[in-house]
Each structure stands twice: as C-alpha cells, then as structure tokens.
>>> print(open('final-v9.pdb').read())   # PDB, C-alpha atoms
MODEL        1
ATOM      1  CA  MET J   1       0.340  20.888  25.127  1.00  0.00           C
ATOM      2  CA  ASN J   2      -1.728  18.634  22.848  1.00  0.00           C
ATOM      3  CA  SER J   3      -4.802  20.799  23.437  1.00  0.00           C
ATOM      4  CA  LEU J   4      -2.777  23.879  22.584  1.00  0.00           C
ATOM      5  CA  LEU J   5      -1.506  22.272  19.399  1.00  0.00           C
ATOM      6  CA  LYS J   6      -5.044  21.382  18.327  1.00  0.00           C
ATOM      7  CA  ILE J   7      -6.083  25.041  18.673  1.00  0.00           C
ATOM      8  CA  PHE J   8      -3.498  25.995  16.063  1.00  0.00           C
ATOM      9  CA  MET J   9      -4.343  23.180  13.663  1.00  0.00           C
ATOM     10  CA  PRO J  10      -5.664  24.599  10.387  1.00  0.00           C
ATOM     11  CA  LYS J  11      -9.398  24.442   9.811  1.00  0.00           C
ATOM     12  CA  ASN J  12      -8.639  23.581   6.203  1.00  0.00           C
ATOM     13  CA  ARG J  13      -8.550  19.775   6.166  1.00  0.00           C
ATOM     14  CA  VAL J  14      -6.887  19.545   2.784  1.00  0.00           C
ATOM     15  CA  PHE J  15      -4.172  17.152   3.986  1.00  0.00           C
ATOM     16  CA  TYR J  16      -6.716  14.702   5.384  1.00  0.00           C
ATOM     17  CA  GLU J  17      -8.743  14.874   2.178  1.00  0.00           C
ATOM     18  CA  LEU J  18      -5.681  14.199   0.044  1.00  0.00           C
ATOM     19  CA  PHE J  19      -4.467  11.325   2.220  1.00  0.00           C
ATOM     20  CA  GLU J  20      -7.926   9.746   2.244  1.00  0.00           C
ATOM     21  CA  LYS J  21      -8.114   9.901  -1.553  1.00  0.00           C
ATOM     22  CA  VAL J  22      -4.675   8.312  -1.850  1.00  0.00           C
ATOM     23  CA  ALA J  23      -5.578   5.578   0.659  1.00  0.00           C
ATOM     24  CA  ASP J  24      -8.859   4.888  -1.174  1.00  0.00           C
ATOM     25  CA  ASN J  25      -6.908   4.429  -4.407  1.00  0.00           C
ATOM     26  CA  VAL J  26      -4.411   2.157  -2.672  1.00  0.00           C
ATOM     27  CA  ALA J  27      -7.279  -0.026  -1.418  1.00  0.00           C
ATOM     28  CA  LYS J  28      -8.747  -0.168  -4.948  1.00  0.00           C
ATOM     29  CA  MET J  29      -5.347  -1.173  -6.307  1.00  0.00           C
ATOM     30  CA  GLY J  30      -5.085  -3.929  -3.707  1.00  0.00           C
ATOM     31  CA  LYS J  31      -8.455  -5.302  -4.812  1.00  0.00           C
ATOM     32  CA  LEU J  32      -7.423  -5.108  -8.462  1.00  0.00           C
ATOM     33  CA  MET J  33      -4.194  -6.964  -7.678  1.00  0.00           C
ATOM     34  CA  LYS J  34      -6.244  -9.874  -6.408  1.00  0.00           C
ATOM     35  CA  ASP J  35      -8.504  -9.690  -9.490  1.00  0.00           C
ATOM     36  CA  ILE J  36      -5.446  -9.744 -11.764  1.00  0.00           C
ATOM     37  CA  ILE J  37      -4.088 -12.900 -10.135  1.00  0.00           C
ATOM     38  CA  ALA J  38      -7.517 -14.551 -10.396  1.00  0.00           C
ATOM     39  CA  GLU J  39      -7.909 -13.720 -14.111  1.00  0.00           C
ATOM     40  CA  PRO J  40      -6.559 -16.454 -16.445  1.00  0.00           C
ATOM     41  CA  ASP J  41      -7.040 -14.466 -19.677  1.00  0.00           C
ATOM     42  CA  PHE J  42      -4.026 -12.347 -20.722  1.00  0.00           C
ATOM     43  CA  ASP J  43      -6.056  -9.571 -22.399  1.00  0.00           C
ATOM     44  CA  LYS J  44      -8.528  -9.275 -19.526  1.00  0.00           C
ATOM     45  CA  ARG J  45      -5.596  -9.094 -17.125  1.00  0.00           C
ATOM     46  CA  ALA J  46      -4.131  -6.323 -19.268  1.00  0.00           C
ATOM     47  CA  ALA J  47      -7.347  -4.311 -18.902  1.00  0.00           C
ATOM     48  CA  LEU J  48      -7.188  -4.699 -15.109  1.00  0.00           C
ATOM     49  CA  ILE J  49      -3.506  -3.702 -15.122  1.00  0.00           C
ATOM     50  CA  ASN J  50      -4.462  -0.561 -17.054  1.00  0.00           C
ATOM     51  CA  GLN J  51      -6.870   0.312 -14.236  1.00  0.00           C
ATOM     52  CA  VAL J  52      -4.041  -0.129 -11.737  1.00  0.00           C
ATOM     53  CA  GLU J  53      -1.852   2.140 -13.860  1.00  0.00           C
ATOM     54  CA  ASP J  54      -4.542   4.841 -13.927  1.00  0.00           C
ATOM     55  CA  LEU J  55      -4.857   4.720 -10.137  1.00  0.00           C
ATOM     56  CA  GLU J  56      -1.075   4.857  -9.729  1.00  0.00           C
ATOM     57  CA  HIS J  57      -0.911   7.972 -11.922  1.00  0.00           C
ATOM     58  CA  ALA J  58      -3.790   9.526  -9.976  1.00  0.00           C
ATOM     59  CA  ASN J  59      -1.902   8.903  -6.745  1.00  0.00           C
ATOM     60  CA  ASP J  60       1.216  10.523  -8.189  1.00  0.00           C
ATOM     61  CA  GLU J  61      -0.846  13.673  -8.765  1.00  0.00           C
ATOM     62  CA  LEU J  62      -2.353  13.532  -5.287  1.00  0.00           C
ATOM     63  CA  THR J  63       1.075  13.040  -3.713  1.00  0.00           C
ATOM     64  CA  HIS J  64       2.371  16.032  -5.640  1.00  0.00           C
ATOM     65  CA  SER J  65      -0.590  18.017  -4.259  1.00  0.00           C
ATOM     66  CA  VAL J  66       0.364  16.999  -0.711  1.00  0.00           C
ATOM     67  CA  PHE J  67       3.890  18.327  -1.226  1.00  0.00           C
ATOM     68  CA  THR J  68       2.523  21.516  -2.808  1.00  0.00           C
ATOM     69  CA  GLU J  69       0.226  22.122   0.159  1.00  0.00           C
ATOM     70  CA  LEU J  70       3.115  21.415   2.498  1.00  0.00           C
ATOM     71  CA  GLY J  71       4.992  24.289   0.889  1.00  0.00           C
ATOM     72  CA  ARG J  72       1.983  26.613   1.097  1.00  0.00           C
ATOM     73  CA  ASN J  73       0.929  25.973   4.707  1.00  0.00           C
ATOM     74  CA  PHE J  74       2.986  27.193   7.629  1.00  0.00           C
ATOM     75  CA  ILE J  75       0.730  25.402  10.121  1.00  0.00           C
ATOM     76  CA  THR J  76      -0.018  21.745   9.399  1.00  0.00           C
ATOM     77  CA  PRO J  77      -2.283  19.202  11.171  1.00  0.00           C
ATOM     78  CA  PHE J  78       0.758  17.218  12.315  1.00  0.00           C
ATOM     79  CA  ASP J  79       4.538  17.283  11.906  1.00  0.00           C
ATOM     80  CA  ARG J  80       5.734  18.249   8.445  1.00  0.00           C
ATOM     81  CA  GLU J  81       8.148  15.298   8.515  1.00  0.00           C
ATOM     82  CA  ASP J  82       5.292  12.913   9.262  1.00  0.00           C
ATOM     83  CA  ILE J  83       3.214  14.374   6.431  1.00  0.00           C
ATOM     84  CA  HIS J  84       6.128  13.883   4.064  1.00  0.00           C
ATOM     85  CA  TYR J  85       6.807  10.337   5.298  1.00  0.00           C
ATOM     86  CA  LEU J  86       3.152   9.314   5.114  1.00  0.00           C
ATOM     87  CA  ALA J  87       2.754  10.720   1.595  1.00  0.00           C
ATOM     88  CA  THR J  88       5.917   8.941   0.471  1.00  0.00           C
ATOM     89  CA  SER J  89       5.019   5.604   2.053  1.00  0.00           C
ATOM     90  CA  LEU J  90       1.505   5.607   0.565  1.00  0.00           C
ATOM     91  CA  ASP J  91       2.960   6.481  -2.836  1.00  0.00           C
ATOM     92  CA  ASP J  92       5.425   3.601  -2.482  1.00  0.00           C
ATOM     93  CA  ILE J  93       2.580   1.128  -1.853  1.00  0.00           C
ATOM     94  CA  ALA J  94       0.907   2.232  -5.082  1.00  0.00           C
ATOM     95  CA  ASP J  95       4.173   2.114  -7.036  1.00  0.00           C
ATOM     96  CA  TYR J  96       4.982  -1.440  -5.974  1.00  0.00           C
ATOM     97  CA  ILE J  97       1.454  -2.739  -6.572  1.00  0.00           C
ATOM     98  CA  TYR J  98       1.648  -1.356 -10.100  1.00  0.00           C
ATOM     99  CA  ALA J  99       5.143  -2.791 -10.585  1.00  0.00           C
ATOM    100  CA  ALA J 100       3.977  -6.257  -9.520  1.00  0.00           C
ATOM    101  CA  ALA J 101       0.872  -6.135 -11.713  1.00  0.00           C
ATOM    102  CA  LYS J 102       2.872  -4.972 -14.728  1.00  0.00           C
ATOM    103  CA  LYS J 103       5.498  -7.701 -14.378  1.00  0.00           C
ATOM    104  CA  ILE J 104       2.898 -10.498 -14.422  1.00  0.00           C
ATOM    105  CA  ASN J 105       1.888  -9.761 -18.013  1.00  0.00           C
ATOM    106  CA  PHE J 106       5.266  -8.398 -19.091  1.00  0.00           C
ATOM    107  CA  TYR J 107       6.898 -11.716 -18.169  1.00  0.00           C
ATOM    108  CA  ARG J 108       3.826 -13.665 -19.326  1.00  0.00           C
ATOM    109  CA  VAL J 109       3.712 -15.540 -16.051  1.00  0.00           C
ATOM    110  CA  ASN J 110       0.829 -17.907 -15.370  1.00  0.00           C
ATOM    111  CA  PRO J 111      -0.814 -16.365 -12.275  1.00  0.00           C
ATOM    112  CA  ASN J 112      -2.280 -19.742 -11.273  1.00  0.00           C
ATOM    113  CA  ASP J 113       0.403 -20.034  -8.625  1.00  0.00           C
ATOM    114  CA  MET J 114      -0.108 -20.560  -4.909  1.00  0.00           C
ATOM    115  CA  GLY J 115       2.509 -17.990  -3.929  1.00  0.00           C
ATOM    116  CA  LEU J 116       1.101 -15.274  -6.197  1.00  0.00           C
ATOM    117  CA  GLN J 117      -2.423 -15.957  -4.992  1.00  0.00           C
ATOM    118  CA  LYS J 118      -1.452 -15.752  -1.323  1.00  0.00           C
ATOM    119  CA  PHE J 119       0.537 -12.568  -1.863  1.00  0.00           C
ATOM    120  CA  ALA J 120      -2.420 -11.014  -3.680  1.00  0.00           C
ATOM    121  CA  GLU J 121      -4.694 -11.802  -0.721  1.00  0.00           C
ATOM    122  CA  LEU J 122      -2.228 -10.257   1.728  1.00  0.00           C
ATOM    123  CA  ILE J 123      -1.793  -7.158  -0.429  1.00  0.00           C
ATOM    124  CA  GLU J 124      -5.560  -6.673  -0.626  1.00  0.00           C
ATOM    125  CA  GLN J 125      -5.856  -7.046   3.154  1.00  0.00           C
ATOM    126  CA  GLY J 126      -2.890  -4.754   3.855  1.00  0.00           C
ATOM    127  CA  ALA J 127      -4.132  -2.022   1.532  1.00  0.00           C
ATOM    128  CA  LEU J 128      -7.582  -2.173   3.146  1.00  0.00           C
ATOM    129  CA  GLN J 129      -6.126  -1.811   6.647  1.00  0.00           C
ATOM    130  CA  VAL J 130      -4.037   1.158   5.499  1.00  0.00           C
ATOM    131  CA  ARG J 131      -7.196   2.832   4.213  1.00  0.00           C
ATOM    132  CA  ILE J 132      -8.947   2.218   7.537  1.00  0.00           C
ATOM    133  CA  ALA J 133      -6.057   3.676   9.546  1.00  0.00           C
ATOM    134  CA  VAL J 134      -5.679   6.735   7.304  1.00  0.00           C
ATOM    135  CA  GLY J 135      -9.420   7.368   7.393  1.00  0.00           C
ATOM    136  CA  GLU J 136      -9.365   7.569  11.191  1.00  0.00           C
ATOM    137  CA  LEU J 137      -6.594  10.192  11.285  1.00  0.00           C
ATOM    138  CA  ARG J 138      -8.987  13.057  10.584  1.00  0.00           C
ATOM    139  CA  ASP J 139     -10.348  13.230  14.139  1.00  0.00           C
ATOM    140  CA  MET J 140      -8.504  10.392  15.931  1.00  0.00           C
ATOM    141  CA  LYS J 141     -11.608   9.570  17.939  1.00  0.00           C
ATOM    142  CA  ASN J 142     -11.653   5.845  17.223  1.00  0.00           C
ATOM    143  CA  MET J 143      -8.220   4.886  18.486  1.00  0.00           C
ATOM    144  CA  ARG J 144      -9.217   1.236  18.736  1.00  0.00           C
ATOM    145  CA  ALA J 145      -9.918   1.075  15.002  1.00  0.00           C
ATOM    146  CA  ILE J 146      -6.541   2.639  14.198  1.00  0.00           C
ATOM    147  CA  THR J 147      -4.665   0.364  16.601  1.00  0.00           C
ATOM    148  CA  GLU J 148      -6.388  -2.774  15.289  1.00  0.00           C
ATOM    149  CA  ALA J 149      -5.571  -1.788  11.707  1.00  0.00           C
ATOM    150  CA  LEU J 150      -1.907  -1.208  12.574  1.00  0.00           C
ATOM    151  CA  VAL J 151      -1.661  -4.561  14.371  1.00  0.00           C
ATOM    152  CA  LYS J 152      -3.196  -6.312  11.351  1.00  0.00           C
ATOM    153  CA  ILE J 153      -0.760  -4.606   8.969  1.00  0.00           C
ATOM    154  CA  ASN J 154       2.158  -5.828  11.077  1.00  0.00           C
ATOM    155  CA  SER J 155       0.733  -9.354  11.077  1.00  0.00           C
ATOM    156  CA  ILE J 156       0.215  -9.241   7.293  1.00  0.00           C
ATOM    157  CA  GLU J 157       3.835  -8.205   6.756  1.00  0.00           C
ATOM    158  CA  ASN J 158       5.027 -11.109   8.912  1.00  0.00           C
ATOM    159  CA  GLN J 159       2.812 -13.528   6.982  1.00  0.00           C
ATOM    160  CA  ALA J 160       4.202 -12.185   3.702  1.00  0.00           C
ATOM    161  CA  ASP J 161       7.749 -12.961   4.868  1.00  0.00           C
ATOM    162  CA  ASP J 162       6.693 -16.559   5.522  1.00  0.00           C
ATOM    163  CA  VAL J 163       4.878 -16.796   2.182  1.00  0.00           C
ATOM    164  CA  PHE J 164       7.985 -15.528   0.399  1.00  0.00           C
ATOM    165  CA  ASP J 165      10.217 -18.158   2.010  1.00  0.00           C
ATOM    166  CA  MET J 166       7.766 -20.987   1.320  1.00  0.00           C
ATOM    167  CA  SER J 167       7.139 -19.818  -2.255  1.00  0.00           C
ATOM    168  CA  ILE J 168      10.845 -19.669  -3.057  1.00  0.00           C
ATOM    169  CA  GLU J 169      11.374 -23.129  -1.576  1.00  0.00           C
ATOM    170  CA  ARG J 170       8.477 -24.544  -3.608  1.00  0.00           C
ATOM    171  CA  LEU J 171       9.629 -22.751  -6.748  1.00  0.00           C
ATOM    172  CA  PHE J 172      13.115 -24.264  -6.671  1.00  0.00           C
ATOM    173  CA  ALA J 173      11.697 -27.680  -5.828  1.00  0.00           C
ATOM    174  CA  THR J 174       9.038 -27.838  -8.541  1.00  0.00           C
ATOM    175  CA  GLU J 175       9.935 -25.470 -11.423  1.00  0.00           C
ATOM    176  CA  PRO J 176      12.343 -27.016 -13.970  1.00  0.00           C
ATOM    177  CA  ASP J 177      12.550 -23.911 -16.174  1.00  0.00           C
ATOM    178  CA  ALA J 178      15.275 -21.550 -14.915  1.00  0.00           C
ATOM    179  CA  LYS J 179      13.692 -18.569 -16.694  1.00  0.00           C
ATOM    180  CA  GLU J 180      10.392 -19.144 -14.895  1.00  0.00           C
ATOM    181  CA  VAL J 181      12.238 -19.355 -11.579  1.00  0.00           C
ATOM    182  CA  ILE J 182      13.881 -15.978 -12.202  1.00  0.00           C
ATOM    183  CA  LYS J 183      10.648 -14.319 -13.326  1.00  0.00           C
ATOM    184  CA  LYS J 184       8.497 -15.612 -10.485  1.00  0.00           C
ATOM    185  CA  ARG J 185      11.143 -14.910  -7.878  1.00  0.00           C
ATOM    186  CA  GLU J 186      11.270 -11.276  -8.990  1.00  0.00           C
ATOM    187  CA  ILE J 187       7.489 -10.932  -8.827  1.00  0.00           C
ATOM    188  CA  TYR J 188       7.433 -12.533  -5.369  1.00  0.00           C
ATOM    189  CA  GLN J 189      10.006  -9.982  -4.209  1.00  0.00           C
ATOM    190  CA  VAL J 190       8.011  -7.032  -5.510  1.00  0.00           C
ATOM    191  CA  MET J 191       4.763  -8.312  -3.985  1.00  0.00           C
ATOM    192  CA  GLU J 192       6.459  -8.913  -0.645  1.00  0.00           C
ATOM    193  CA  THR J 193       7.803  -5.363  -0.799  1.00  0.00           C
ATOM    194  CA  VAL J 194       4.221  -4.069  -1.058  1.00  0.00           C
ATOM    195  CA  THR J 195       3.533  -5.443   2.424  1.00  0.00           C
ATOM    196  CA  ASP J 196       6.776  -3.855   3.666  1.00  0.00           C
ATOM    197  CA  LYS J 197       5.576  -0.495   2.363  1.00  0.00           C
ATOM    198  CA  CYS J 198       2.208  -0.998   4.083  1.00  0.00           C
ATOM    199  CA  GLU J 199       4.123  -1.497   7.314  1.00  0.00           C
ATOM    200  CA  ASP J 200       6.144   1.671   6.630  1.00  0.00           C
ATOM    201  CA  ALA J 201       2.880   3.622   6.351  1.00  0.00           C
ATOM    202  CA  SER J 202       1.662   1.917   9.528  1.00  0.00           C
ATOM    203  CA  ASN J 203       4.789   3.041  11.385  1.00  0.00           C
ATOM    204  CA  VAL J 204       4.252   6.667  10.339  1.00  0.00           C
ATOM    205  CA  ILE J 205       0.619   6.549  11.433  1.00  0.00           C
ATOM    206  CA  GLU J 206       1.669   5.074  14.765  1.00  0.00           C
ATOM    207  CA  SER J 207       4.142   7.937  15.221  1.00  0.00           C
ATOM    208  CA  ILE J 208       1.390  10.482  14.479  1.00  0.00           C
ATOM    209  CA  ILE J 209      -1.127   9.036  16.930  1.00  0.00           C
ATOM    210  CA  ILE J 210       1.483   8.778  19.701  1.00  0.00           C
ATOM    211  CA  LYS J 211       2.202  12.502  19.307  1.00  0.00           C
ATOM    212  CA  TYR J 212      -1.297  13.843  18.838  1.00  0.00           C
ATOM    213  CA  ALA J 213      -3.967  11.401  20.024  1.00  0.00           C
TER     214      ALA J 213
ENDMDL
END
>>> encode(input="final-v9.pdb", output="structure tokens")
Amino acid sequence: MNSLLKIFMPKNRVFYELFEKVADNVAKMGKLMKDIIAEPDFDKRAALINQVEDLEHANDELTHSVFTELGRNFITPFDREDIHYLATSLDDIADYIYAAAKKINFYRVNPNDMGLQKFAELIEQGALQVRIAVGELRDMKNMRAITEALVKINSIENQADDVFDMSIERLFATEPDAKEVIKKREIYQVMETVTDKCEDASNVIESIIIKYA
C-alpha cells in the first residue's frame, strides 16, 4: 500500500520546499532569540528583534502559500490533515519566538537572567532539531536522523518544563519588585510555550513517518 501511495505522490515537491523554507526561518529565529538574550544593549536588541519580526512575517507568507497549494492540489505528498497540522505548528513556533523577543524590550526586562538564558538555549536547540526533522521528510531515507531529532525535541520540552519551575521558584525568592515578577513570569511562559510548539511539530512529523516511511 505504501508503494502504491508513493506512485501517486506528486512530482511537484512544492510542499517540501515550502516546509523547508519555514523550518530554515524557524532555526534562524531560534538563533536570533539566543543572540537577543545575550545582547545587553537595548537598541542592538531592538535591531535583532526586527530581524525576528521579518522572519515571522516571511513565515506567515510561506504558511499562506502552503494552504493555497493545499487547495490547488488534489494529490498531496502526505495526508492533507498532516500538512495542515505541520504548517500550523511550524507557524506557531515562529509566532511564539517573536512574541517572546518582543516582550523582552517592550517590558524593558534585563535579559541577564539565568532562566531567560537557559530558555534561549533550549529554543535554539529545539528550532534546530525541527529544521533537521523537516529537512529529512523530502525522501525519508535517513530515518535515524529524523528519529534522533524527534527524541531530542521531546527531551528539550521536558527540560524547559524543569527550567520554568526552577525559574519561577528563583524569581519569587529573589525578586523584590512585583512588577518585575509579573513581567518575567510572562516571558518565561511564552518561551516555555515555544518548546511546546516544537514538540507539537515533532508529533506531526512522527505521525507522517509512521504512515509513509
């Protein structure tokens, strides 16, 4: 049955091309997130956040293209539901990275914070693993690379849960300013959600490879 399905897969690889572009942008945004946290200067951070915004807008356009192609093509490389879910989950990663980056300067939070730094590292790692997994979907020949990426994404999400708990505990124990507590807690939540969205994308990819690999 799988062999028969592959015969009817479209030769036009437009979906793979679009997903790979989106995943590349997500990985770039993950790297920029780490750069933003490492940058002490407000104006230089703002310039990096602008780059994140540009990538987020680019991904919005690419996601729209995925949905447009979905409407045009009767035969798709894998389930239409999975295409929709993968496009949505990748778009969510980009949206939440941008939201986190924007809040740092909007709230004028000092990014020299252990929790923010650890979250930024995990986001960069998660976004990179998503790009690796998406890049292997085109031919599904290197199943080991996909599986390793998915396992790492799951581990990163679990680590982010722990970082969130520890960061909140430290925040309440050491921050006397209630406004700072509220602001940082919100940013922690958004950054932790990025890793959740990476795991959502991982789950869709796992569903695809189970069906078609």
>>> atom_distance(input="final-v9.pdb", atom1="atom CA of J:Arg45", atom2="atom CA of J:Asn105")
7.6 Å
>>> closest_residue(input="final-v9.pdb", among="J:Lys102, J:Leu116, J:Glu81, J:Arg138", to="J:Val14", atoms="all atoms listed in the file")
J:Arg138
>>> residues_around(input="final-v9.pdb", residues="J:Ile182", least_positions_apart="5", cutoff="12 Å", atoms="all atoms listed in the file", output="PyMOL selection string")
chain J and resi 103+107+109+168+171-172+175-177+187-189
>>> resolve_selection(input="final-v9.pdb", expression="the PyMOL selection byres ((chain J and resi 118-123) around 9)", output="ChimeraX atom specification")
/J:30-31,33-37,97,113-117,124-128,156-157,159-160,163-164,188,191-192,194-195,198
>>> write_last_selection(input="final-v9.pdb", atoms="C-alpha atoms", output="PDB file, in the frame of the given file")
ATOM      1  CA  GLY J  30      -5.085  -3.929  -3.707  1.00  0.00           C
ATOM      2  CA  LYS J  31      -8.455  -5.302  -4.812  1.00  0.00           C
ATOM      3  CA  MET J  33      -4.194  -6.964  -7.678  1.00  0.00           C
ATOM      4  CA  LYS J  34      -6.244  -9.874  -6.408  1.00  0.00           C
ATOM      5  CA  ASP J  35      -8.504  -9.690  -9.490  1.00  0.00           C
ATOM      6  CA  ILE J  36      -5.446  -9.744 -11.764  1.00  0.00           C
ATOM      7  CA  ILE J  37      -4.088 -12.900 -10.135  1.00  0.00           C
ATOM      8  CA  ILE J  97       1.454  -2.739  -6.572  1.00  0.00           C
ATOM      9  CA  ASP J 113       0.403 -20.034  -8.625  1.00  0.00           C
ATOM     10  CA  MET J 114      -0.108 -20.560  -4.909  1.00  0.00           C
ATOM     11  CA  GLY J 115       2.509 -17.990  -3.929  1.00  0.00           C
ATOM     12  CA  LEU J 116       1.101 -15.274  -6.197  1.00  0.00           C
ATOM     13  CA  GLN J 117      -2.423 -15.957  -4.992  1.00  0.00           C
ATOM     14  CA  GLU J 124      -5.560  -6.673  -0.626  1.00  0.00           C
ATOM     15  CA  GLN J 125      -5.856  -7.046   3.154  1.00  0.00           C
ATOM     16  CA  GLY J 126      -2.890  -4.754   3.855  1.00  0.00           C
ATOM     17  CA  ALA J 127      -4.132  -2.022   1.532  1.00  0.00           C
ATOM     18  CA  LEU J 128      -7.582  -2.173   3.146  1.00  0.00           C
ATOM     19  CA  ILE J 156       0.215  -9.241   7.293  1.00  0.00           C
ATOM     20  CA  GLU J 157       3.835  -8.205   6.756  1.00  0.00           C
ATOM     21  CA  GLN J 159       2.812 -13.528   6.982  1.00  0.00           C
ATOM     22  CA  ALA J 160       4.202 -12.185   3.702  1.00  0.00           C
ATOM     23  CA  VAL J 163       4.878 -16.796   2.182  1.00  0.00           C
ATOM     24  CA  PHE J 164       7.985 -15.528   0.399  1.00  0.00           C
ATOM     25  CA  TYR J 188       7.433 -12.533  -5.369  1.00  0.00           C
ATOM     26  CA  MET J 191       4.763  -8.312  -3.985  1.00  0.00           C
ATOM     27  CA  GLU J 192       6.459  -8.913  -0.645  1.00  0.00           C
ATOM     28  CA  VAL J 194       4.221  -4.069  -1.058  1.00  0.00           C
ATOM     29  CA  THR J 195       3.533  -5.443   2.424  1.00  0.00           C
ATOM     30  CA  CYS J 198       2.208  -0.998   4.083  1.00  0.00           C
TER      31      CYS J 198
END
>>> atom_distance(input="final-v9.pdb", atom1="atom CA of J:Glu39", atom2="atom CA of J:Asn158")
26.5 Å
>>> residues_around(input="final-v9.pdb", residues="J:Phe67", least_positions_apart="3", cutoff="10 Å", atoms="all atoms listed in the file", output="ChimeraX atom specification")
/J:15,62-64,70-72,80,83-84,87-88
>>> axis_aligned_box(input="final-v9.pdb", around="stretch 194-212 of chain J", padding_each_side="5 Å", output="AutoDock Vina command-line options")
--center_x 2.7 --center_y 4.2 --center_z 9.3 --size_x 18.1 --size_y 29.3 --size_z 30.8
>>> residues_near_point(input="final-v9.pdb", point="(-5.5, 8.5, -7.0)", cutoff="6 Å", atoms="only C-alpha atoms", output="list in words")
Val22, Asn25, Leu55, Ala58 and Asn59 of chain J
>>> atom_distance(input="final-v9.pdb", atom1="atom CA of J:Asn203", atom2="atom CA of J:Val190")
19.9 Å
>>> closest_atom_pairs(input="final-v9.pdb", of="stretch 55-116 of chain J", to="stretch 204-212 of chain J", cutoff="7 Å", atoms="all atoms listed in the file", output="CSV")
residue,atom,partner,partner_atom,distance
J:Asp82,CA,J:Val204,CA,6.4
J:Tyr85,CA,J:Val204,CA,6.7
J:Leu86,CA,J:Val204,CA,6.0
>>> resolve_selection(input="final-v9.pdb", expression="the PyMOL selection byres ((chain J and resi 49) around 9)", output="ChimeraX atom specification")
/J:32-33,36,44-48,50-54,98,101-102,105
>>> resolve_selection(input="final-v9.pdb", expression="the PyMOL selection byres ((chain J and resi 197) around 8)", output="ChimeraX atom specification")
/J:89-90,92-93,193-196,198-201
